[in-house]
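Asks: I am attaching a structure below and will ask some questions about it afterwards.
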There are 2 protein chains.
Amino acid sequence: MPIYSAPTRDTRFVLDHVVGLERYQNIEGFTQATPDIVNAILEEGGKFAAEVLQPLNQSGDREGCTRHPDGSVTTPTGFPDAYRKYVEGGWGTLTAPAQWGGQDMPMVLGTAISEYLMSANLAFCITVMLTEGCIAALEHVASDEQKQMYLPKLVSGQWCGTMNLTEAHAGTDLGLIRTKAVPQADGTYRITGQKIFISGGDHDLAENIIHLVLAKIEGDPDNVKGISLFIVPKFLPDADGNPGTRNSLSVGSIEHKMGIAGSPTCVMNYDGATGFLVGERMKGMRGMFIMMNAARLGVGVQGLAMSEVAYQNAVQYAKDRRQGRAFVRAPGVTDAADPIIVHPDVRRMLMDMRAFTEGSRALALWTALQVDLARRAPTPEERQAADDLVALLTPVVKGYLTDLGLQITATAQQVYGGHGYVKEWGMEQFVRDARIAQIYEGTNGIQAMDLVGRKLPAEGGRAVRAFFDLVSRAIADGKAEADLAPLAEALEKALQHLQGATLWLVQNAMTKPENAGAGAVAYMNLMGVTALGWMWLIMARGAREELGNGDPEFAKAKLLTAKYFAERMLPEAGTYRRRVEAGAETLMAMPVEAF
Amino acid sequence: MPIYSAPTRDTRFVLDHVVGLERYQNIEGFTQATPDIVNAILEEGGKFAAEVLQPLNQSGDREGCTRHPDGSVTTPTGFPDAYRKYVEGGWGTLTAPAQWGGQDMPMVLGTAISEYLMSANLAFCITVMLTEGCIAALEHVASDEQKQMYLPKLVSGQWCGTMNLTEAHAGTDLGLIRTKAVPQADGTYRITGQKIFISGGDHDLAENIIHLVLAKIEGDPDNVKGISLFIVPKFLPDADGNPGTRNSLSVGSIEHKMGIAGSPTCVMNYDGATGFLVGERMKGMRGMFIMMNAARLGVGVQGLAMSEVAYQNAVQYAKDRRQGRAFVRAPGVTDAADPIIVHPDVRRMLMDMRAFTEGSRALALWTALQVDLARRAPTPEERQAADDLVALLTPVVKGYLTDLGLQITATAQQVYGGHGYVKEWGMEQFVRDARIAQIYEGTNGIQAMDLVGRKLPAEGGRAVRAFFDLVSRAIADGKAEADLAPLAEALEKALQHLQGATLWLVQNAMTKPENAGAGAVAYMNLMGVTALGWMWLIMARGAREELGNGDPEFAKAKLLTAKYFAERMLPEAGTYRRRVEAGAETLMAMPVEAF
């Protein structure tokens, strides 16, 4: 059975040296995140992940979810009990607002914990963690009355939430949705339509499920501007706010998927269900984007989470499995075979995984810090600057980290040879589970288009210029110090490629947007590898500090991994730039019939 | 349900312009492969694949194989009938020697057909096509009597064959195997031991199964030098050569795998089973390598086959699915949404797949031609030259094409968005099925080590120098012509990187073999992308010829795809070279405990 142990040491390193948690003690939410509290939460969160969630991961995959003849859905054995413990432990309320019963901890800490939980059991997390997106949307757009009604129970975990966007013919292109809302005399709406791919659309974990549903009110424009957002509860709250009448909605079926089989992905049928308009009529996309942006960062962390757990197992196997002999054997060794970790190509796989995974963790937590600062930094300028960076980096974290997730889980599987292909060992499940993260909450192609088409040009490129400044400053500082200079110089080349590609897009994609589309994914990868290189430079500086005090072995490993990233990963930047600058011409010249 | 239609037009293009089939009409086996015959075989093979095998692919995955309480194994519904048709159609005898009942067609044609069959149903093919490896091994090392006994029935398909190498503790490192052979007074051996991961170890397709089993004869050295090869039939042939006494071997279990669920992967228990020594005692690795090398090329073609079928489906979906609007719409179009093939990033995915897939087909068929020439070219010099190239390129075809197989099937799945993750659509099966090809018949890391550690230095680098000559000549010819020059120049840069990396290895890996191990996979990728670039240059020349006669639309698409390969793929070469030249130092400096 696969192992998992939360990488708390590495998280603390990132919090200390990349996030610099102690610098923000004056900010609301961070005040209570003292080092002792943070350590305790990381340790306890790691324990909960490893002891409660992880043992259900493989069995959950095998058993899957069940839709019963009465239309009800049950999750795999053990999931309801684990959810009870999740709620009791307060793992769902960590970052939720205190006003509604949450613990109001910084997002950066919530992100660290969510990595652990998702490493341990992605399917479980997918079922319950969209509740956070619902909470965020309701906080921003719901009426006070709606907040009073729904937020305390969503925050406590007594109820769960979902996002209902996709329809069979409308995924990326939500303007096409057909779900209708008909206004009623009492101010409610009758919602009719079918939604697909609804994670946690029904289950046996919570007493009620609050669906946030996109629909068009009768008579409103039949395009993206006519979309409104509705609360459609499974059970309509009664006068006391308890689950009352069963609403007219049902699960048509649950999908049979490549992975995350422990999470019920539902076809939801709304047959004149009672819904409540949230926020303004025809402004439904606003609430949806609040949900979506929170969810996108979370999905990026899924890529990291799958990478970490797959890496840990690959390391264990590489130390246990004996096959072949080292080129250079330690004196006195006479065993028939050595552990495969002696072989350079096995190490190459482990280092590839590690360099990307640790870099991803740093970037994810740094971006989560910006989410905190965007909400809570003392001045509007600081908040705006952080918000710019969140907007810019969200598609990169989502797209790049989840592409790495597939690559790294497949590499970890490869370390196992034939055993990696057999279900029993659990490695192939990581690959299957990781695969979804590249697809949902906007495919990675959509992320790349969001980055290039929306985030880059916004405010005259303010966000990307701020990003270049940050990286340039780190490079300048690094080049001034002999031991950091090689990494800083490697990063400088990557940054030059990124800046070159950016300039090319400015000059060539404004007039011909097809050039933006043709280079978008390459550009996202280019920004991803540069951002991770930047994180490695910051981490190398932090590791150097730790060399002298306390944990030199840990610090040495960090420095070697930073060097590895510079030698092996940063050179990719040149290829990505070439792809961006290749433009759309060849692509678009091919007639449709020629495919 | 997924579609499949054999790419006969593209195969013929490669046979005409890359292989140049008509140039070899004087060679045995090619004589009968007249254009008419070749066309008929391609058409009929494509029809058999699409009409008989492909309809069983998804159902076979869902149903899987069954081991019954009596230990017998059955394949999915429809497989036995399909096998009967496979045998009747002569699809198993295409390249087998006429002496034993085969059709003696060139390997290049057999390879083309095997691509079709594997695209249509990889699990089916894996179960039955290892028989070809057995035939090859027996042809080379078996006694005349053994050949008479086994070859006619293996060639006819009346019996099937397997390869039994791996044991639970011995995969890559076969020297560790524990299966024992005890000599008997009658000249036979009693074979005892357990083999795992045996494809087609038992099934209901053929009346007998001939296992070729690696074992150590009692008293022989307990390492790779003590290994002998045995024929161990499921049913011992009686005096008339018909299946007689049931041998003492049984299936312990069948594996539950990530994919190729329609192929029974068996744990085989040999309990004093009767075996017959094949070839010389303690020379078992020789026969094994004959099987293995044939199988490795075949596995490379699996990568191509999965890429092709996944691509075809992605194209269909991209033409059907409407989502969003083109940046530039054709005048008069008023539909709410356009087919997604209008979007540059969707085209980018299709072109990525296509450029790699068509390049892979060319390389696979060109390498298969070298197999033919190695056996049948008129002079020993020509045979040796072809054999050198087969040896050099076999690990590249196996490793690079199967790594592409995973990448391309995952890209095709991505085109489908959420629908790609749902089993019903069939795209996720291609990813799961393609994944095995990177692992078996030697993991791709082992292929890379074989390339760098064995094939490069062999005969003072004779093979790789011959390869450089071929590519250089194509570049020189290409540069002389204006329309081919850009591609030739892009290829020239890639070749320079490959030559630079080769020189680096010569200078740095002889004394320090860890440098070879650390850079092996990057070197394999570098040779892979260069070899495909070379194929594209040859194909571009061929396409130019076709522009004028007959099929200009096909030729134009080829030329555009060649351009795309030069713009987008060849730049990878620089990154791979940097990785090779990074060496082993950083990798090996990490203490084992630091992982």
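Chain labels run A, B, ... following the order of the structure tokens; each chain numbers its residues from 1, and ligands are numbered from 1 in the order shown.
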Pick out the residues sitting within 8 Å of Leu484 in chain A, and hand them over as a list in words; count only C-alpha atoms, and ignore anything fewer than 3 positions along from it in its own chain.
Replies: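 Everything that qualifies: Gly478, Lys479, Ala480, Glu481, Leu487, Ala488, Leu537, Ala540 and Arg541 of chain A.
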Asks: For the selection just defined, write its residues with C-alpha atoms to a file, as a PDB file, in the first residue's frame.
Replies:
```
ATOM      1  CA  GLY A 478      21.858  36.698  -6.451  1.00  0.00           C
ATOM      2  CA  LYS A 479      24.502  37.656  -8.991  1.00  0.00           C
ATOM      3  CA  ALA A 480      26.214  39.767  -6.346  1.00  0.00           C
ATOM      4  CA  GLU A 481      27.003  36.671  -4.309  1.00  0.00           C
ATOM      5  CA  LEU A 487      21.678  29.975 -10.398  1.00  0.00           C
ATOM      6  CA  ALA A 488      20.962  33.697 -10.769  1.00  0.00           C
ATOM      7  CA  LEU A 537      16.837  31.228  -6.164  1.00  0.00           C
ATOM      8  CA  ALA A 540      18.829  28.683  -2.272  1.00  0.00           C
ATOM      9  CA  ARG A 541      19.356  31.911  -0.351  1.00  0.00           C
TER      10      ARG A 541
END
```
Asks: Excluding range 453-455 of chain B and its own-chain neighbours fewer than 3 positions away, which residues fall within 12 Å of it when counting only C-alpha atoms? Please give them as a VMD selection string.
Replies: (chain A and resid 327) or (chain B and resid 387 to 396 445 to 450 458 to 465 467 502 505 to 506 509 to 510 512 to 521 523 to 524)
Asks: Restricting the calculation to only C-alpha atoms, which member of A:Gln496, A:Asn293, A:Thr265, A:Gln32 is positioned closest to chain B?
Replies: A:Thr265
Asks: Report as JSON, numbers by chain all protein, DNA and RNA residues lying within 6 Å of range 204-221 of chain A, evaluated on only C-alpha atoms, omitting residues in the same chain fewer than 3 positions from it.
Replies: {"A": [74, 80, 158, 159, 160, 161, 162, 163, 164, 165, 179, 180, 181, 182, 226, 227, 228, 229, 230, 231, 232, 233, 234]}
Asks: Using only C-alpha atoms and a cut-off of 6 Å, which residues of chain A sit close to chain B? Please list them as JSON, numbers by chain.
Replies: {"A": [173, 256, 257, 258, 323, 324, 344, 345, 417, 421, 422, 423, 439, 517, 518, 568, 571, 572, 575, 579]}
Asks: Of the residues A:Asp10, A:Asp433, A:Asp16, A:Glu381, which is the one nearest to Glu545 in chain A, using only C-alpha atoms?
Replies: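 Among the listed residues, the smallest separation from Glu545 in chain A belongs to A:Asp16.
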